[in-house]
file coords-v6.pdb (PDB, C-alpha atoms and all ligand atoms)
ATOM      1  CA  MET L 186      78.608  79.537 109.883  1.00  0.00           C
ATOM      2  CA  ARG L 187      75.766  81.602 108.412  1.00  0.00           C
ATOM      3  CA  ALA L 188      72.239  81.429 109.842  1.00  0.00           C
ATOM      4  CA  ILE L 189      69.121  82.802 108.219  1.00  0.00           C
ATOM      5  CA  TYR L 190      66.417  84.056 110.587  1.00  0.00           C
ATOM      6  CA  PRO L 191      63.100  84.285 108.721  1.00  0.00           C
ATOM      7  CA  GLY L 192      59.891  85.881 109.888  1.00  0.00           C
ATOM      8  CA  SER L 193      57.057  88.250 109.083  1.00  0.00           C
ATOM      9  CA  PHE L 194      58.344  90.938 111.482  1.00  0.00           C
ATOM     10  CA  SER L 195      55.082  92.882 111.348  1.00  0.00           C
ATOM     11  CA  PRO L 196      56.427  94.655 113.336  1.00  0.00           C
ATOM     12  CA  PRO L 197      59.775  93.439 114.723  1.00  0.00           C
ATOM     13  CA  THR L 198      59.648  93.197 118.534  1.00  0.00           C
ATOM     14  CA  LEU L 199      62.191  93.184 121.351  1.00  0.00           C
ATOM     15  CA  GLY L 200      61.757  89.406 121.332  1.00  0.00           C
ATOM     16  CA  HIS L 201      62.988  89.230 117.729  1.00  0.00           C
ATOM     17  CA  LEU L 202      65.861  91.588 118.552  1.00  0.00           C
ATOM     18  CA  ASP L 203      66.853  89.424 121.526  1.00  0.00           C
ATOM     19  CA  ILE L 204      67.060  86.337 119.293  1.00  0.00           C
ATOM     20  CA  ILE L 205      69.087  88.201 116.640  1.00  0.00           C
ATOM     21  CA  ARG L 206      71.526  89.627 119.217  1.00  0.00           C
ATOM     22  CA  ARG L 207      72.112  86.217 120.752  1.00  0.00           C
ATOM     23  CA  ALA L 208      72.400  84.519 117.359  1.00  0.00           C
ATOM     24  CA  ALA L 209      74.962  87.107 116.245  1.00  0.00           C
ATOM     25  CA  LYS L 210      77.213  85.808 119.034  1.00  0.00           C
ATOM     26  CA  LEU L 211      76.723  82.186 118.002  1.00  0.00           C
ATOM     27  CA  PHE L 212      77.069  82.496 114.217  1.00  0.00           C
ATOM     28  CA  ASP L 213      79.543  84.287 111.961  1.00  0.00           C
ATOM     29  CA  GLU L 214      76.657  85.962 110.163  1.00  0.00           C
ATOM     30  CA  VAL L 215      72.909  86.277 110.696  1.00  0.00           C
ATOM     31  CA  VAL L 216      70.779  87.045 107.654  1.00  0.00           C
ATOM     32  CA  VAL L 217      67.383  88.314 108.775  1.00  0.00           C
ATOM     33  CA  ALA L 218      64.851  87.443 106.063  1.00  0.00           C
ATOM     34  CA  VAL L 219      61.603  89.385 105.926  1.00  0.00           C
ATOM     35  CA  LEU L 220      59.051  87.108 104.305  1.00  0.00           C
ATOM     36  CA  SER L 221      55.303  86.842 104.117  1.00  0.00           C
ATOM     37  CA  GLN L 222      52.865  84.112 104.929  1.00  0.00           C
ATOM     38  CA  PRO L 223      50.659  83.263 101.972  1.00  0.00           C
ATOM     39  CA  GLU L 224      47.099  84.635 102.087  1.00  0.00           C
ATOM     40  CA  LYS L 225      47.939  87.055 104.888  1.00  0.00           C
ATOM     41  CA  SER L 226      47.754  90.833 104.609  1.00  0.00           C
ATOM     42  CA  TYR L 227      50.230  92.912 106.546  1.00  0.00           C
ATOM     43  CA  LEU L 228      49.991  96.251 108.316  1.00  0.00           C
ATOM     44  CA  PHE L 229      53.448  97.078 106.939  1.00  0.00           C
ATOM     45  CA  SER L 230      54.704  96.527 103.396  1.00  0.00           C
ATOM     46  CA  LEU L 231      57.689  94.234 102.852  1.00  0.00           C
ATOM     47  CA  ASP L 232      59.930  97.293 102.339  1.00  0.00           C
ATOM     48  CA  GLU L 233      58.688  98.964 105.524  1.00  0.00           C
ATOM     49  CA  ARG L 234      59.389  95.824 107.549  1.00  0.00           C
ATOM     50  CA  LYS L 235      62.858  95.598 106.002  1.00  0.00           C
ATOM     51  CA  ASP L 236      63.541  99.266 106.727  1.00  0.00           C
ATOM     52  CA  MET L 237      62.507  98.963 110.403  1.00  0.00           C
ATOM     53  CA  LEU L 238      64.794  95.957 110.834  1.00  0.00           C
ATOM     54  CA  LYS L 239      67.720  97.707 109.163  1.00  0.00           C
ATOM     55  CA  ARG L 240      67.394 100.580 111.603  1.00  0.00           C
ATOM     56  CA  ILE L 241      67.209  98.435 114.720  1.00  0.00           C
ATOM     57  CA  LEU L 242      70.082  96.165 113.592  1.00  0.00           C
ATOM     58  CA  SER L 243      72.484  98.963 112.662  1.00  0.00           C
ATOM     59  CA  GLY L 244      74.609  98.228 115.749  1.00  0.00           C
ATOM     60  CA  ILE L 245      75.058  94.527 114.967  1.00  0.00           C
ATOM     61  CA  PRO L 246      77.813  94.353 112.324  1.00  0.00           C
ATOM     62  CA  ASN L 247      77.334  90.677 111.433  1.00  0.00           C
ATOM     63  CA  ALA L 248      73.574  90.939 110.886  1.00  0.00           C
ATOM     64  CA  ARG L 249      71.995  92.034 107.605  1.00  0.00           C
ATOM     65  CA  VAL L 250      68.449  92.143 106.271  1.00  0.00           C
ATOM     66  CA  VAL L 251      66.904  90.781 103.077  1.00  0.00           C
ATOM     67  CA  ALA L 252      63.271  90.789 101.975  1.00  0.00           C
ATOM     68  CA  ASP L 253      61.588  88.390  99.621  1.00  0.00           C
ATOM     69  CA  THR L 254      58.112  87.316  98.573  1.00  0.00           C
ATOM     70  CA  GLY L 255      59.169  83.768  97.711  1.00  0.00           C
ATOM     71  CA  LEU L 256      59.930  80.458  99.332  1.00  0.00           C
ATOM     72  CA  LEU L 257      62.192  80.449 102.388  1.00  0.00           C
ATOM     73  CA  ALA L 258      64.167  77.442 101.126  1.00  0.00           C
ATOM     74  CA  ASP L 259      65.034  79.367  97.921  1.00  0.00           C
ATOM     75  CA  VAL L 260      66.069  82.476  99.856  1.00  0.00           C
ATOM     76  CA  ALA L 261      68.229  80.351 102.174  1.00  0.00           C
ATOM     77  CA  ARG L 262      69.994  78.755  99.201  1.00  0.00           C
ATOM     78  CA  ARG L 263      70.508  82.095  97.465  1.00  0.00           C
ATOM     79  CA  GLU L 264      71.976  83.645 100.630  1.00  0.00           C
ATOM     80  CA  GLY L 265      74.270  80.685 101.252  1.00  0.00           C
ATOM     81  CA  ALA L 266      72.725  79.931 104.649  1.00  0.00           C
ATOM     82  CA  ASP L 267      73.991  76.870 106.496  1.00  0.00           C
ATOM     83  CA  VAL L 268      71.010  76.705 108.855  1.00  0.00           C
ATOM     84  CA  LEU L 269      67.594  78.225 109.406  1.00  0.00           C
ATOM     85  CA  LEU L 270      67.030  79.832 112.801  1.00  0.00           C
ATOM     86  CA  ARG L 271      63.717  80.234 114.618  1.00  0.00           C
ATOM     87  CA  GLY L 272      62.850  81.445 118.111  1.00  0.00           C
ATOM     88  CA  ILE L 273      60.589  79.410 120.376  1.00  0.00           C
ATOM     89  CA  ARG L 274      58.463  81.190 122.986  1.00  0.00           C
ATOM     90  CA  ASP L 275      56.826  78.187 124.586  1.00  0.00           C
ATOM     91  CA  ALA L 276      55.689  74.645 123.868  1.00  0.00           C
ATOM     92  CA  SER L 277      52.656  75.844 121.890  1.00  0.00           C
ATOM     93  CA  ASP L 278      55.024  77.155 119.205  1.00  0.00           C
ATOM     94  CA  LEU L 279      56.474  73.702 118.616  1.00  0.00           C
ATOM     95  CA  PRO L 280      53.909  71.847 116.471  1.00  0.00           C
ATOM     96  CA  LEU L 281      53.900  74.447 113.686  1.00  0.00           C
ATOM     97  CA  GLU L 282      57.640  75.064 113.969  1.00  0.00           C
ATOM     98  CA  MET L 283      58.363  71.362 113.664  1.00  0.00           C
ATOM     99  CA  GLN L 284      56.137  71.113 110.578  1.00  0.00           C
ATOM    100  CA  MET L 285      57.924  74.070 108.978  1.00  0.00           C
ATOM    101  CA  ALA L 286      61.346  72.651 109.882  1.00  0.00           C
ATOM    102  CA  ALA L 287      60.443  69.294 108.321  1.00  0.00           C
ATOM    103  CA  ALA L 288      59.100  70.939 105.156  1.00  0.00           C
ATOM    104  CA  ASN L 289      62.160  73.155 104.777  1.00  0.00           C
ATOM    105  CA  ARG L 290      64.467  70.182 105.259  1.00  0.00           C
ATOM    106  CA  GLN L 291      62.520  68.219 102.664  1.00  0.00           C
ATOM    107  CA  ILE L 292      62.378  70.947 100.028  1.00  0.00           C
ATOM    108  CA  GLY L 293      65.632  72.764 100.775  1.00  0.00           C
ATOM    109  CA  GLY L 294      67.801  70.150 102.484  1.00  0.00           C
ATOM    110  CA  VAL L 295      68.470  72.677 105.225  1.00  0.00           C
ATOM    111  CA  ASP L 296      68.181  72.123 108.982  1.00  0.00           C
ATOM    112  CA  THR L 297      66.465  74.450 111.436  1.00  0.00           C
ATOM    113  CA  VAL L 298      67.973  75.326 114.801  1.00  0.00           C
ATOM    114  CA  PHE L 299      65.852  76.795 117.577  1.00  0.00           C
ATOM    115  CA  LEU L 300      66.724  79.361 120.215  1.00  0.00           C
ATOM    116  CA  VAL L 301      64.456  79.593 123.244  1.00  0.00           C
ATOM    117  CA  CYS L 302      63.468  83.201 123.739  1.00  0.00           C
ATOM    118  CA  SER L 303      64.402  85.043 126.918  1.00  0.00           C
ATOM    119  CA  PRO L 304      61.653  84.699 129.554  1.00  0.00           C
ATOM    120  CA  GLU L 305      60.838  88.422 129.592  1.00  0.00           C
ATOM    121  CA  TYR L 306      59.701  88.143 125.958  1.00  0.00           C
ATOM    122  CA  SER L 307      57.892  84.815 126.055  1.00  0.00           C
ATOM    123  CA  LEU L 308      54.450  86.464 126.198  1.00  0.00           C
ATOM    124  CA  LEU L 309      55.176  89.038 123.514  1.00  0.00           C
ATOM    125  CA  SER L 310      54.010  88.868 119.883  1.00  0.00           C
ATOM    126  CA  SER L 311      53.748  91.194 116.905  1.00  0.00           C
ATOM    127  CA  SER L 312      49.961  90.826 116.945  1.00  0.00           C
ATOM    128  CA  ILE L 313      49.785  92.006 120.584  1.00  0.00           C
ATOM    129  CA  VAL L 314      51.906  95.028 119.644  1.00  0.00           C
ATOM    130  CA  ARG L 315      49.580  95.854 116.724  1.00  0.00           C
ATOM    131  CA  ASP L 316      46.508  95.494 118.907  1.00  0.00           C
ATOM    132  CA  CYS L 317      47.909  97.776 121.630  1.00  0.00           C
ATOM    133  CA  ALA L 318      49.085 100.367 119.087  1.00  0.00           C
ATOM    134  CA  ARG L 319      45.694 100.464 117.364  1.00  0.00           C
ATOM    135  CA  HIS L 320      44.191 101.452 120.703  1.00  0.00           C
ATOM    136  CA  ARG L 321      46.936 104.028 121.288  1.00  0.00           C
ATOM    137  CA  ALA L 322      48.206 102.068 124.303  1.00  0.00           C
ATOM    138  CA  PRO L 323      51.892 102.367 125.161  1.00  0.00           C
ATOM    139  CA  ILE L 324      54.137  99.916 123.320  1.00  0.00           C
ATOM    140  CA  ASN L 325      57.455 100.944 124.888  1.00  0.00           C
ATOM    141  CA  GLY L 326      59.019  97.835 126.346  1.00  0.00           C
ATOM    142  CA  MET L 327      57.583  95.758 123.505  1.00  0.00           C
ATOM    143  CA  VAL L 328      59.470  97.122 120.493  1.00  0.00           C
ATOM    144  CA  PRO L 329      62.746  99.015 119.958  1.00  0.00           C
ATOM    145  CA  PRO L 330      62.238 102.762 120.524  1.00  0.00           C
ATOM    146  CA  GLU L 331      63.394 103.630 116.972  1.00  0.00           C
ATOM    147  CA  ILE L 332      60.258 102.111 115.440  1.00  0.00           C
ATOM    148  CA  VAL L 333      57.524 103.133 117.909  1.00  0.00           C
ATOM    149  CA  ASN L 334      56.413 106.071 115.747  1.00  0.00           C
ATOM    150  CA  ASP L 335      56.356 103.946 112.571  1.00  0.00           C
ATOM    151  CA  ILE L 336      53.974 101.539 114.281  1.00  0.00           C
ATOM    152  CA  TYR L 337      51.556 104.218 115.483  1.00  0.00           C
ATOM    153  CA  ALA L 338      51.681 105.862 112.032  1.00  0.00           C
ATOM    154  CA  ALA L 339      50.858 102.594 110.304  1.00  0.00           C
ATOM    155  CA  CYS L 340      47.973 101.982 112.688  1.00  0.00           C
ATOM    156  CA  LEU L 341      46.590 105.451 111.928  1.00  0.00           C
ATOM    157  CA  ARG L 342      46.964 104.807 108.204  1.00  0.00           C
ATOM    158  CA  GLY L 343      45.174 101.541 108.735  1.00  0.00           C
ATOM    159  CA  VAL L 344      46.523  99.505 105.821  1.00  0.00           C
ATOM    160  CA  GLY L 345      45.979  95.816 106.382  1.00  0.00           C
ATOM    161  CA  LEU L 346      43.585  96.267 109.282  1.00  0.00           C
TER     162      LEU L 346
HETATM  163  O1  LIG L 401      57.000  85.413 111.823  1.00  0.00           O
HETATM  164  P1  LIG L 401      56.187  84.288 111.229  1.00  0.00           P
HETATM  165  O2  LIG L 401      54.886  84.842 110.667  1.00  0.00           O
HETATM  166  O3  LIG L 401      55.966  83.161 112.196  1.00  0.00           O
HETATM  167  O4  LIG L 401      57.051  83.709 110.002  1.00  0.00           O
HETATM  168  C1  LIG L 401      56.553  82.687 109.177  1.00  0.00           C
HETATM  169  C2  LIG L 401      57.374  82.645 107.885  1.00  0.00           C
HETATM  170  C3  LIG L 401      57.243  83.970 107.151  1.00  0.00           C
HETATM  171  C4  LIG L 401      58.844  82.401 108.224  1.00  0.00           C
HETATM  172  C5  LIG L 401      56.838  81.474 106.993  1.00  0.00           C
HETATM  173  O5  LIG L 401      55.489  81.667 106.727  1.00  0.00           O
HETATM  174  C6  LIG L 401      57.619  81.351 105.684  1.00  0.00           C
HETATM  175  O6  LIG L 401      58.675  80.753 105.661  1.00  0.00           O
HETATM  176  N1  LIG L 401      57.065  81.961 104.595  1.00  0.00           N
HETATM  177  C7  LIG L 401      57.723  81.960 103.301  1.00  0.00           C
HETATM  178  C8  LIG L 401      57.043  80.971 102.333  1.00  0.00           C
HETATM  179  C9  LIG L 401      57.547  79.567 102.604  1.00  0.00           C
HETATM  180  O7  LIG L 401      58.724  79.260 102.469  1.00  0.00           O
HETATM  181  N2  LIG L 401      56.616  78.696 102.995  1.00  0.00           N
HETATM  182  C10 LIG L 401      56.942  77.341 103.355  1.00  0.00           C
HETATM  183  C11 LIG L 401      57.413  77.279 104.783  1.00  0.00           C
HETATM  184  S1  LIG L 401      57.409  75.666 105.392  1.00  0.00           S
END

call {"tool": "encode", "arguments": {"input": "coords-v6.pdb", "output": "structure tokens", "more": "lines below"}}
Ligand code: PNS
result
Amino acid sequence: MRAIYPGSFSPPTLGHLDIIRRAAKLFDEVVVAVLSQPEKSYLFSLDERKDMLKRILSGIPNARVVADTGLLADVARREGADVLLRGIRDASDLPLEMQMAAANRQIGGVDTVFLVCSPEYSLLSSSIVRDCARHRAPINGMVPPEIVNDIYAACLRGVGL
């Protein structure tokens, strides 16, 4: 079975990596889809987000990365995904996630399955990482070490701030 794991990944965190690692044990293949939310500007370009993910997923043979500016339901169909996968940090994630799952089922006929994130990552978010990095605070323990320098560099550059 093939799952597609969509997100903004701006930047990817250890919480995302935890979900992908666990999903790679549950599914034959995990397609990580870097997408964008409409009307949102990002610190990292789509290609930069894709590149960071490719580097941190190099040790997971049944995970691959795609990037797209379009509709998730279209990307899922194109990639032959059987299910959508999303991580849930706590109950406050549910209302929006349930709306998105219902919309994707309506427009794409595809179900969403949820993995509950590991407790050590339940308070972590990409926006917290960006905020810490902008203030030059340490972000080790929040993101994979391979991308720490990319994040500080992007914060210095300041695109999307
Ligand atoms: O990591 P995020 O920001 O919570 O991910 C949200 C994302 C990118 C998965 C969502 O905004 C999305 O699917 N965007 C693509 C456009 C789309 O399909 N919109 C309809 C979703 S119901």

call {"tool": "residues_around", "arguments": {"input": "coords-v6.pdb", "residues": "Ala338 in chain L", "least_positions_apart": "6", "cutoff": "12 Å", "atoms": "all atoms listed in the file", "output": "list in words"}}
result
Leu228, Phe229, Glu233, Arg315, Ala318, Arg319, Arg321, Ile332 and Val344 of chain L

call {"tool": "atom_distance", "arguments": {"input": "coords-v6.pdb", "atom1": "CA of Asp259 in chain L", "atom2": "CA of Ile245 in chain L"}}
result
24.9 Å

call {"tool": "residues_near_ligand", "arguments": {"input": "coords-v6.pdb", "ligand": "ligand LIG 401 (chain L)", "cutoff": "10 Å", "atoms": "only C-alpha atoms and all ligand atoms", "output": "number ranges by chain"}}
result
L: 190-197, 201, 218-223, 225, 253-261, 269-272, 278, 281-293, 310-312

call {"tool": "residues_around", "arguments": {"input": "coords-v6.pdb", "residues": "Tyr306 in chain L", "least_positions_apart": "2", "cutoff": "10 Å", "atoms": "only C-alpha atoms", "output": "list in words"}}
result
Thr198, Leu199, Gly200, His201, Asp203, Arg274, Cys302, Ser303, Pro304, Leu308, Leu309, Ser310, Gly326 and Met327 of chain L

call {"tool": "residues_around", "arguments": {"input": "coords-v6.pdb", "residues": "range 238-241 of chain L", "least_positions_apart": "5", "cutoff": "7 Å", "atoms": "only C-alpha atoms", "output": "compact mmCIF listing (two decimals) with C-alpha atoms, keeping the file's coordinate frame"}}
result
# COMPACT_ATOMS: atom_id res chain seq x y z
CA PRO L 197 59.78 93.44 114.72
CA VAL L 250 68.45 92.14 106.27
CA PRO L 329 62.75 99.02 119.96
CA GLU L 331 63.39 103.63 116.97

call {"tool": "residues_near_point", "arguments": {"input": "coords-v6.pdb", "point": "(72.6, 88.2, 112.8)", "cutoff": "12 Å", "atoms": "only C-alpha atoms", "output": "number ranges by chain"}}
result
L: 186-191, 201-218, 238-239, 241-251, 266, 269-270

call {"tool": "atom_distance", "arguments": {"input": "coords-v6.pdb", "atom1": "CA of Arg234 in chain L", "atom2": "CA of Ser277 in chain L"}}
result
25.5 Å

call {"tool": "closest_residue", "arguments": {"input": "coords-v6.pdb", "among": "L:Val301, L:Leu341, L:Val314, L:Ala252", "to": "Ala276 in chain L", "atoms": "all atoms listed in the file"}}
result
L:Val301

call {"tool": "atom_distance", "arguments": {"input": "coords-v6.pdb", "atom1": "CA of Asp335 in chain L", "atom2": "CA of Ser226 in chain L"}}
result
17.6 Å

call {"tool": "closest_residue", "arguments": {"input": "coords-v6.pdb", "among": "L:Pro323, L:Tyr227, L:Ile313, L:Asp275", "to": "Leu300 in chain L", "atoms": "all atoms listed in the file"}}
result
L:Asp275

call {"tool": "axis_aligned_box", "arguments": {"input": "coords-v6.pdb", "around": "range 271-276 of chain L", "padding_each_side": "8 Å", "output": "JSON"}}
result
{"center_x": 59.7, "center_y": 78.0, "center_z": 119.6, "size_x": 24.0, "size_y": 22.8, "size_z": 26.0}
